[in-house]
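Trainee: Just one file: upload_34.cif, with mmCIF, C-alpha atoms.
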```
data_my_file
loop_
_atom_site.group_PDB
_atom_site.id
_atom_site.type_symbol
_atom_site.label_atom_id
_atom_site.label_comp_id
_atom_site.auth_asym_id
_atom_site.auth_seq_id
_atom_site.Cartn_x
_atom_site.Cartn_y
_atom_site.Cartn_z
ATOM 1 C CA MET W 76 132.882 91.480 149.565
ATOM 2 C CA ALA W 77 135.716 91.628 147.027
ATOM 3 C CA ARG W 78 137.102 94.958 145.881
ATOM 4 C CA ALA W 79 135.766 95.942 142.477
ATOM 5 C CA PRO W 80 138.316 96.813 139.760
ATOM 6 C CA TRP W 81 138.445 100.437 138.658
ATOM 7 C CA GLU W 82 136.995 101.935 135.510
ATOM 8 C CA GLY W 83 139.753 103.516 133.470
ATOM 9 C CA ASP W 84 137.993 106.890 133.444
ATOM 10 C CA PHE W 85 137.015 106.971 137.125
ATOM 11 C CA PRO W 86 137.665 110.564 138.254
ATOM 12 C CA ASP W 87 140.121 111.699 140.889
ATOM 13 C CA VAL W 88 138.872 112.349 144.408
ATOM 14 C CA PHE W 89 137.995 116.061 144.561
ATOM 15 C CA VAL W 90 139.651 117.731 147.573
ATOM 16 C CA ASN W 91 139.177 121.128 149.227
ATOM 17 C CA CYS W 92 142.209 121.685 151.451
ATOM 18 C CA ARG W 93 145.188 120.234 153.285
ATOM 19 C CA TRP W 94 144.760 117.994 156.298
ATOM 20 C CA LYS W 95 147.517 119.756 158.307
ATOM 21 C CA SER W 96 150.049 122.519 157.787
ATOM 22 C CA PRO W 97 152.804 124.050 159.949
ATOM 23 C CA ASP W 98 151.999 127.396 158.316
ATOM 24 C CA ALA W 99 149.114 129.046 160.190
ATOM 25 C CA LYS W 100 148.314 131.142 157.104
ATOM 26 C CA ILE W 101 147.399 128.065 155.050
ATOM 27 C CA ILE W 102 143.812 126.859 155.370
ATOM 28 C CA CYS W 103 143.757 123.280 156.636
ATOM 29 C CA LEU W 104 141.206 120.968 158.193
ATOM 30 C CA ALA W 105 142.955 120.009 161.431
ATOM 31 C CA GLY W 106 143.941 123.617 162.135
ATOM 32 C CA HIS W 107 140.421 125.028 161.950
ATOM 33 C CA ALA W 108 139.008 126.381 165.221
ATOM 34 C CA LEU W 109 135.897 124.165 164.951
ATOM 35 C CA TYR W 110 137.739 120.949 164.075
ATOM 36 C CA ASP W 111 137.918 119.457 167.569
ATOM 37 C CA ALA W 112 134.218 120.013 168.190
ATOM 38 C CA ALA W 113 133.271 118.588 164.791
ATOM 39 C CA LYS W 114 135.565 115.561 164.869
ATOM 40 C CA GLY W 115 135.984 114.734 168.538
ATOM 41 C CA GLN W 116 132.674 115.930 170.007
ATOM 42 C CA ARG W 117 130.360 114.827 167.165
ATOM 43 C CA ASP W 118 129.041 118.367 166.812
ATOM 44 C CA LEU W 119 127.240 118.579 163.456
ATOM 45 C CA GLY W 120 126.691 122.325 163.845
ATOM 46 C CA ALA W 121 130.439 122.828 164.276
ATOM 47 C CA ALA W 122 131.065 120.644 161.238
ATOM 48 C CA LEU W 123 128.755 122.737 159.079
ATOM 49 C CA GLY W 124 130.376 125.960 160.299
ATOM 50 C CA LEU W 125 133.816 124.568 159.473
ATOM 51 C CA LEU W 126 132.634 123.530 156.012
ATOM 52 C CA ASP W 127 131.307 127.029 155.311
ATOM 53 C CA ASP W 128 134.901 128.235 155.682
ATOM 54 C CA ILE W 129 136.756 125.371 153.971
ATOM 55 C CA VAL W 130 134.797 123.987 151.005
ATOM 56 C CA SER W 131 136.215 125.485 147.816
ATOM 57 C CA GLU W 132 134.235 126.753 144.849
ATOM 58 C CA LYS W 133 136.526 124.735 142.554
ATOM 59 C CA THR W 134 135.407 121.497 144.194
ATOM 60 C CA VAL W 135 131.737 122.476 143.974
ATOM 61 C CA LEU W 136 132.174 123.257 140.258
ATOM 62 C CA LYS W 137 133.842 119.875 139.633
ATOM 63 C CA LEU W 138 130.928 118.131 141.334
ATOM 64 C CA ARG W 139 128.431 120.136 139.276
ATOM 65 C CA GLU W 140 130.305 118.976 136.174
ATOM 66 C CA LEU W 141 129.737 115.354 137.203
ATOM 67 C CA GLU W 142 126.013 116.073 137.268
ATOM 68 C CA ARG W 143 126.227 117.649 133.811
ATOM 69 C CA GLN W 144 128.230 114.751 132.373
ATOM 70 C CA HIS W 145 125.853 112.093 133.637
ATOM 71 C CA GLY W 146 122.642 114.054 133.173
ATOM 72 C CA VAL W 147 121.293 113.230 136.634
ATOM 73 C CA LYS W 148 121.486 114.522 140.187
ATOM 74 C CA PRO W 149 123.498 111.839 142.026
ATOM 75 C CA LYS W 150 123.018 110.870 145.640
ATOM 76 C CA LEU W 151 125.653 111.811 148.209
ATOM 77 C CA ILE W 152 126.701 109.132 150.663
ATOM 78 C CA ALA W 153 129.255 109.131 153.489
ATOM 79 C CA PRO W 154 131.020 106.096 155.031
ATOM 80 C CA ALA W 155 129.785 106.881 158.529
ATOM 81 C CA ALA W 156 128.352 104.806 161.350
ATOM 82 C CA GLN W 157 125.022 105.669 162.906
ATOM 83 C CA VAL W 158 125.220 109.137 164.405
ATOM 84 C CA SER W 159 125.031 107.820 167.976
ATOM 85 C CA ASP W 160 128.055 105.596 167.330
ATOM 86 C CA SER W 161 130.155 107.840 165.129
ATOM 87 C CA ASN W 162 132.690 110.552 165.788
ATOM 88 C CA ASN W 163 132.601 111.427 162.112
ATOM 89 C CA ALA W 164 130.218 114.370 162.069
ATOM 90 C CA LEU W 165 132.546 115.806 159.431
ATOM 91 C CA ALA W 166 131.706 113.124 156.856
ATOM 92 C CA ILE W 167 127.971 113.363 157.557
ATOM 93 C CA GLY W 168 128.209 117.154 157.648
ATOM 94 C CA TYR W 169 130.063 117.287 154.321
ATOM 95 C CA ALA W 170 127.376 115.170 152.655
ATOM 96 C CA ASN W 171 124.631 117.441 153.997
ATOM 97 C CA TRP W 172 126.527 120.647 153.201
ATOM 98 C CA LEU W 173 127.028 119.562 149.586
ATOM 99 C CA GLY W 174 123.447 118.327 149.354
ATOM 100 C CA HIS W 175 122.182 121.785 150.313
ATOM 101 C CA GLU W 176 124.632 123.585 148.017
ATOM 102 C CA LEU W 177 124.124 121.346 144.967
ATOM 103 C CA GLY W 178 120.489 120.387 145.445
ATOM 104 C CA TRP W 179 121.465 116.699 145.561
ATOM 105 C CA PRO W 180 119.769 114.108 147.791
ATOM 106 C CA VAL W 181 121.722 112.557 150.675
ATOM 107 C CA ASP W 182 121.408 108.820 151.289
ATOM 108 C CA GLU W 183 121.116 108.029 155.000
ATOM 109 C CA ASN W 184 120.271 104.327 154.684
ATOM 110 C CA LEU W 185 123.789 102.903 154.750
ATOM 111 C CA PHE W 186 126.078 102.440 157.758
ATOM 112 C CA GLN W 187 129.654 101.440 158.426
ATOM 113 C CA MET W 188 130.467 98.680 160.894
ATOM 114 C CA LYS W 189 133.222 100.322 162.898
ATOM 115 C CA ASP W 190 134.620 98.218 165.716
ATOM 116 C CA PHE W 191 137.818 100.263 165.993
ATOM 117 C CA SER W 192 139.188 103.510 164.603
ATOM 118 C CA LYS W 193 141.960 103.521 162.010
ATOM 119 C CA ASP W 194 142.501 107.268 162.274
ATOM 120 C CA LYS W 195 145.637 107.146 164.429
ATOM 121 C CA LEU W 196 146.980 103.824 163.113
ATOM 122 C CA ASN W 197 149.471 103.351 160.300
ATOM 123 C CA GLY W 198 148.819 102.677 156.634
ATOM 124 C CA TRP W 199 149.394 98.947 156.877
ATOM 125 C CA VAL W 200 146.545 98.669 159.388
ATOM 126 C CA ARG W 201 144.352 100.381 156.819
ATOM 127 C CA ILE W 202 145.422 97.970 154.082
ATOM 128 C CA ALA W 203 145.108 94.863 156.271
ATOM 129 C CA HIS W 204 141.637 95.706 157.618
ATOM 130 C CA ARG W 205 138.798 96.249 155.165
ATOM 131 C CA SER W 206 135.893 98.556 155.905
ATOM 132 C CA THR W 207 132.503 96.832 155.922
ATOM 133 C CA PHE W 208 129.016 98.256 155.475
ATOM 134 C CA TYR W 209 125.369 97.354 155.698
ATOM 135 C CA GLY W 210 122.141 98.935 154.500
ATOM 136 C CA GLU W 211 120.051 99.499 151.409
ATOM 137 C CA ILE W 212 121.319 100.857 148.099
ATOM 138 C CA ASP W 213 119.485 102.832 145.430
ATOM 139 C CA LYS W 214 120.028 100.912 142.186
ATOM 140 C CA LYS W 215 118.574 103.656 139.978
ATOM 141 C CA THR W 216 120.435 106.788 141.083
ATOM 142 C CA PRO W 217 124.251 106.991 140.875
ATOM 143 C CA TYR W 218 126.256 107.867 143.978
ATOM 144 C CA VAL W 219 129.022 110.309 144.851
ATOM 145 C CA ILE W 220 130.895 109.154 147.957
ATOM 146 C CA VAL W 221 132.206 111.794 150.366
ATOM 147 C CA ASP W 222 134.385 111.643 153.479
ATOM 148 C CA ASP W 223 136.444 113.927 155.689
ATOM 149 C CA VAL W 224 140.009 112.893 154.744
ATOM 150 C CA ILE W 225 141.580 110.639 152.136
ATOM 151 C CA THR W 226 144.804 108.890 153.122
ATOM 152 C CA LEU W 227 145.182 105.646 151.140
ATOM 153 C CA GLY W 228 141.583 105.637 149.934
ATOM 154 C CA GLY W 229 140.718 102.169 151.224
ATOM 155 C CA THR W 230 137.461 103.128 152.944
ATOM 156 C CA LEU W 231 136.255 104.932 149.824
ATOM 157 C CA ALA W 232 137.186 101.931 147.677
ATOM 158 C CA ASP W 233 135.426 99.509 150.031
ATOM 159 C CA LEU W 234 132.248 101.589 150.075
ATOM 160 C CA ARG W 235 132.315 101.831 146.276
ATOM 161 C CA SER W 236 132.693 98.038 146.059
ATOM 162 C CA PHE W 237 129.789 97.550 148.478
ATOM 163 C CA ILE W 238 127.545 99.804 146.384
ATOM 164 C CA LEU W 239 128.551 98.101 143.126
ATOM 165 C CA GLY W 240 128.070 94.678 144.680
ATOM 166 C CA LYS W 241 124.515 95.642 145.599
ATOM 167 C CA GLY W 242 123.759 96.688 142.037
ATOM 168 C CA GLY W 243 124.384 100.418 142.453
ATOM 169 C CA ARG W 244 126.691 102.810 140.620
ATOM 170 C CA VAL W 245 129.393 105.253 141.777
ATOM 171 C CA ILE W 246 130.418 108.152 139.527
ATOM 172 C CA GLY W 247 132.699 110.168 141.797
ATOM 173 C CA MET W 248 134.192 110.911 145.195
ATOM 174 C CA SER W 249 135.149 113.958 147.230
ATOM 175 C CA THR W 250 136.772 114.602 150.594
ATOM 176 C CA ILE W 251 137.280 117.701 152.673
ATOM 177 C CA ALA W 252 141.031 117.197 152.877
ATOM 178 C CA SER W 253 144.063 115.275 151.678
ATOM 179 C CA ARG W 254 147.650 115.306 152.858
ATOM 180 C CA ASP W 255 148.783 118.037 150.443
ATOM 181 C CA GLY W 256 145.406 119.569 149.606
ATOM 182 C CA ASN W 257 145.431 118.317 146.012
ATOM 183 C CA ASP W 258 142.942 116.029 144.277
ATOM 184 C CA VAL W 259 143.926 112.373 144.598
ATOM 185 C CA ARG W 260 143.976 109.777 141.851
ATOM 186 C CA ILE W 261 142.266 106.844 143.520
ATOM 187 C CA ARG W 262 141.818 104.470 140.583
ATOM 188 C CA LEU W 263 144.658 102.034 139.985
ATOM 189 C CA ASP W 264 145.890 103.151 136.593
ATOM 190 C CA THR W 265 147.393 100.791 134.025
ATOM 191 C CA ASP W 266 150.976 102.004 134.575
ATOM 192 C CA THR W 267 150.842 101.407 138.346
ATOM 193 C CA GLN W 268 149.248 97.983 137.887
ATOM 194 C CA ALA W 269 151.968 97.081 135.379
ATOM 195 C CA LYS W 270 154.625 98.111 137.931
ATOM 196 C CA LEU W 271 152.988 95.878 140.563
ATOM 197 C CA GLU W 272 152.923 92.903 138.223
ATOM 198 C CA LYS W 273 156.500 93.481 137.073
ATOM 199 C CA SER W 274 157.733 93.825 140.664
ATOM 200 C CA TYR W 275 155.841 90.859 142.147
ATOM 201 C CA GLY W 276 155.271 88.543 139.194
ATOM 202 C CA SER W 277 152.420 86.194 138.387
ATOM 203 C CA ASP W 278 151.713 85.138 141.982
ATOM 204 C CA LEU W 279 150.488 88.586 143.064
ATOM 205 C CA ALA W 280 146.802 87.895 142.366
ATOM 206 C CA LYS W 281 146.888 84.677 144.422
ATOM 207 C CA PHE W 282 148.832 86.372 147.230
ATOM 208 C CA CYS W 283 146.326 89.253 147.461
ATOM 209 C CA HIS W 284 143.319 86.925 147.372
ATOM 210 C CA GLU W 285 144.757 84.837 150.212
ATOM 211 C CA LEU W 286 145.852 87.723 152.457
ATOM 212 C CA LEU W 287 143.425 90.508 151.559
ATOM 213 C CA GLY W 288 140.469 88.825 149.884
ATOM 214 C CA PHE W 289 140.631 90.661 146.566
ATOM 215 C CA HIS W 290 142.574 90.859 143.299
ATOM 216 C CA HIS W 291 145.409 93.389 143.199
ATOM 217 C CA GLY W 292 143.428 95.287 140.534
ATOM 218 C CA GLY W 293 141.227 96.439 143.416
ATOM 219 C CA PHE W 294 144.017 98.411 145.101
ATOM 220 C CA THR W 295 143.755 102.172 145.146
ATOM 221 C CA ASP W 296 146.661 103.979 143.520
ATOM 222 C CA PRO W 297 147.995 105.185 146.924
ATOM 223 C CA GLU W 298 147.749 101.630 148.322
ATOM 224 C CA ALA W 299 149.642 100.306 145.313
ATOM 225 C CA ASP W 300 152.417 102.858 145.900
ATOM 226 C CA ARG W 301 152.700 101.563 149.474
ATOM 227 C CA VAL W 302 152.907 97.962 148.229
ATOM 228 C CA LEU W 303 155.578 98.938 145.686
ATOM 229 C CA SER W 304 157.710 100.352 148.515
ATOM 230 C CA CYS W 305 158.240 96.815 149.887
ATOM 231 C CA SER W 306 161.284 94.778 148.923
ATOM 232 C CA GLY W 307 159.261 91.695 147.977
ATOM 233 C CA TYR W 308 156.711 89.148 149.169
ATOM 234 C CA VAL W 309 158.390 88.471 152.516
ATOM 235 C CA ASP W 310 158.477 92.150 153.409
ATOM 236 C CA LEU W 311 154.937 92.708 152.128
ATOM 237 C CA ARG W 312 153.523 89.765 154.083
ATOM 238 C CA LYS W 313 155.307 90.901 157.236
ATOM 239 C CA LYS W 314 153.860 94.424 156.991
ATOM 240 C CA ILE W 315 150.328 93.223 156.240
ATOM 241 C CA MET W 316 150.401 90.767 159.139
ATOM 242 C CA ARG W 317 151.806 93.419 161.477
ATOM 243 C CA GLY W 318 149.017 95.777 160.405
ATOM 244 C CA ARG W 319 146.445 93.042 160.985
ATOM 245 C CA HIS W 320 147.769 92.328 164.483
ATOM 246 C CA GLU W 321 147.902 96.030 165.368
ATOM 247 C CA GLY W 322 144.311 96.515 164.216
ATOM 248 C CA ASP W 323 143.156 93.416 166.111
ATOM 249 C CA ALA W 324 144.850 94.731 169.264
ATOM 250 C CA SER W 325 143.077 98.083 168.870
ATOM 251 C CA ARG W 326 139.759 96.285 168.435
ATOM 252 C CA SER W 327 140.336 94.175 171.558
ATOM 253 C CA LYS W 328 141.280 97.246 173.567
ATOM 254 C CA LYS W 329 138.096 99.027 172.504
ATOM 255 C CA GLN W 330 135.927 96.018 173.336
ATOM 256 C CA ALA W 331 137.544 95.657 176.759
ATOM 257 C CA ALA W 332 136.810 99.305 177.525
ATOM 258 C CA ARG W 333 133.063 98.895 176.938
#
```
Once more with this new file: its structure as structure tokens, please.

Mentor:
Amino acid sequence: MARAPWEGDFPDVFVNCRWKSPDAKIICLAGHALYDAAKGQRDLGAALGLLDDIVSEKTVLKLRELERQHGVKPKLIAPAAQVSDSNNALAIGYANWLGHELGWPVDENLFQMKDFSKDKLNGWVRIAHRSTFYGEIDKKTPYVIVDDVITLGGTLADLRSFILGKGGRVIGMSTIASRDGNDVRIRLDTDTQAKLEKSYGSDLAKFCHELLGFHHGGFTDPEADRVLSCSGYVDLRKKIMRGRHEGDASRSKKQAAR
């Protein structure tokens, strides 16, 4: 499914804390005592305990404001595989934690097809390999997508595109953590898109369709920054293909281990 272009007023991803910090005094996700149990051992109880400590009141207030603006309680949804297959109790836990706090329903009818993990792979693997989903979508109630960490935002963008492609609506996103702990602009704004088109010229749309399967207007803003760091088409193609091969190798390794 092609990436959907961004609405010009799509809000930033609301974030609670940093992903990591060398300073033990700074609250961060990976440094929390319950993180390993929640992330690595699929312990939902540990995830909920961690979230009690980490979720900020500012983020909760921003999410409540979304409800006020749209005049409806949205559904929370996380890009997670079935619980038996997923190590992402944090994403599922965050959806349930917010659902309890905000009084919002949690949609548990959608699943991510996850044949390898991108967590420890580089950003070009993330760009080269799209996230895919299956399941039913509520076409009447808008969604807020939540996850544990935002890096380049590709998984969030792919889930949003899946929901929109099924006739649903997405009004916001939130994650537990980001690299620096700040909210992240995920929509590709007009200035960044103009920089892409100035840097790469009129062939960029065709190039992205052929290599990635979507128009460059579907990039997230962090993905676009990564693309702008390349010296041109040759460099960009090389990095995308390297990311594709690295992801394919990780997939093959996982399948061989089964």

Trainee: For a test of reading the model, state the distance in Å between CA of Trp94 in chain W and CA of Phe294 in chain W, rounded to one decimal.

Mentor: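 Separation between CA of Trp94 in chain W and CA of Phe294 in chain W: 22.6 Å.
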
Trainee: Ranking W:Leu119, W:Leu177, W:Ala166, W:Ile101 by minimum distance to Val135 in chain W and counting all atoms listed in the file, which one comes first?

Mentor: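 Smallest distance to Val135 in chain W is found for W:Leu177.
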
Trainee: Just say which residues the PyMOL selection byres ((chain W and resi 214) around 12) picks in this file, as a PyMOL selection string.

Mentor: chain W and resi 149-150+211-213+215-218+238-245

Trainee: Can you work out the spacing between CA of Val130 in chain W and CA of Leu234 in chain W in Å, to one decimal?

Mentor: 22.6 Å

Trainee: Using only C-alpha atoms, can you list as a VMD selection string the residues within 7 Å of (141.5, 113.0, 141.0)?

Mentor: chain W and resid 86 to 89 258 to 261

Trainee: What does the distance between CA of Thr295 in chain W and CA of Arg262 in chain W come to in Å, to one decimal place?

Mentor: 5.5 Å

Trainee: Can you list what the PyMOL selection byres ((chain W and resi 155) around 6) grabs from this structure, as a PyMOL selection string?

Mentor: chain W and resi 153-154+156+186-187

Trainee: Go ahead and save the picked residues with C-alpha atoms, as a PDB file, in the frame of the given file.

Mentor:
```pdb
ATOM      1  CA  ALA W 153     129.255 109.131 153.489  1.00  0.00           C
ATOM      2  CA  PRO W 154     131.020 106.096 155.031  1.00  0.00           C
ATOM      3  CA  ALA W 156     128.352 104.806 161.350  1.00  0.00           C
ATOM      4  CA  PHE W 186     126.078 102.440 157.758  1.00  0.00           C
ATOM      5  CA  GLN W 187     129.654 101.440 158.426  1.00  0.00           C
TER       6      GLN W 187
END
```

Trainee: Return the padded bounding box of range 140-147 of chain W as AutoDock Vina command-line options: axis-aligned, built from all atoms listed in the file, 5 Å added on each side, with centre and edge lengths in Å to one decimal.

Mentor:
```
--center_x 125.8 --center_y 115.5 --center_z 134.8 --size_x 19.0 --size_y 16.9 --size_z 14.9
```

Trainee: Suppose a student applies the PyMOL selection byres ((chain W and resi 167-174) around 7) to this structure; what residues should they get, written as an mmCIF file with C-alpha atoms, in the coordinates of the input?

Mentor:
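Everything below was put into part.cif:
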```cif
data_model
loop_
_atom_site.group_PDB
_atom_site.id
_atom_site.type_symbol
_atom_site.label_atom_id
_atom_site.label_comp_id
_atom_site.auth_asym_id
_atom_site.auth_seq_id
_atom_site.Cartn_x
_atom_site.Cartn_y
_atom_site.Cartn_z
ATOM 1 C CA LEU W 119 127.240 118.579 163.456
ATOM 2 C CA ALA W 122 131.065 120.644 161.238
ATOM 3 C CA LEU W 123 128.755 122.737 159.079
ATOM 4 C CA LEU W 126 132.634 123.530 156.012
ATOM 5 C CA LEU W 151 125.653 111.811 148.209
ATOM 6 C CA ILE W 152 126.701 109.132 150.663
ATOM 7 C CA ALA W 153 129.255 109.131 153.489
ATOM 8 C CA ALA W 155 129.785 106.881 158.529
ATOM 9 C CA ASN W 163 132.601 111.427 162.112
ATOM 10 C CA ALA W 164 130.218 114.370 162.069
ATOM 11 C CA LEU W 165 132.546 115.806 159.431
ATOM 12 C CA ALA W 166 131.706 113.124 156.856
ATOM 13 C CA HIS W 175 122.182 121.785 150.313
ATOM 14 C CA GLU W 176 124.632 123.585 148.017
ATOM 15 C CA LEU W 177 124.124 121.346 144.967
ATOM 16 C CA GLY W 178 120.489 120.387 145.445
ATOM 17 C CA TRP W 179 121.465 116.699 145.561
ATOM 18 C CA PRO W 180 119.769 114.108 147.791
ATOM 19 C CA VAL W 181 121.722 112.557 150.675
ATOM 20 C CA VAL W 221 132.206 111.794 150.366
#
```

Trainee: Could you check the closest approach to Ser206 in chain W for each of W:His290, W:Asp223, W:Leu231, W:Glu140 and tell me which residue wins, using all atoms listed in the file?

Mentor: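 Smallest distance to Ser206 in chain W is found for W:Leu231.
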
Trainee: Could you tell me, as a PDB file with C-alpha atoms, in the frame of the given file, which residues have any atom at most 10 Å from (148.6, 100.3, 149.3), counting all atoms listed in the file?

Mentor:
```pdb
ATOM      1  CA  GLY W 198     148.819 102.677 156.634  1.00  0.00           C
ATOM      2  CA  TRP W 199     149.394  98.947 156.877  1.00  0.00           C
ATOM      3  CA  ARG W 201     144.352 100.381 156.819  1.00  0.00           C
ATOM      4  CA  ILE W 202     145.422  97.970 154.082  1.00  0.00           C
ATOM      5  CA  ALA W 203     145.108  94.863 156.271  1.00  0.00           C
ATOM      6  CA  LEU W 227     145.182 105.646 151.140  1.00  0.00           C
ATOM      7  CA  GLY W 228     141.583 105.637 149.934  1.00  0.00           C
ATOM      8  CA  GLY W 229     140.718 102.169 151.224  1.00  0.00           C
ATOM      9  CA  HIS W 291     145.409  93.389 143.199  1.00  0.00           C
ATOM     10  CA  PHE W 294     144.017  98.411 145.101  1.00  0.00           C
ATOM     11  CA  THR W 295     143.755 102.172 145.146  1.00  0.00           C
ATOM     12  CA  ASP W 296     146.661 103.979 143.520  1.00  0.00           C
ATOM     13  CA  PRO W 297     147.995 105.185 146.924  1.00  0.00           C
ATOM     14  CA  GLU W 298     147.749 101.630 148.322  1.00  0.00           C
ATOM     15  CA  ALA W 299     149.642 100.306 145.313  1.00  0.00           C
ATOM     16  CA  ASP W 300     152.417 102.858 145.900  1.00  0.00           C
ATOM     17  CA  ARG W 301     152.700 101.563 149.474  1.00  0.00           C
ATOM     18  CA  VAL W 302     152.907  97.962 148.229  1.00  0.00           C
ATOM     19  CA  LEU W 303     155.578  98.938 145.686  1.00  0.00           C
ATOM     20  CA  SER W 304     157.710 100.352 148.515  1.00  0.00           C
TER      21      SER W 304
END
```

Trainee: Looking at W:Lys114, W:Arg143, W:Lys273, W:His107, which one is nearest to Asp127 in chain W, with distances taken over all atoms listed in the file?

Mentor: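 Answer, going by the shortest atom-to-atom distance: W:His107.
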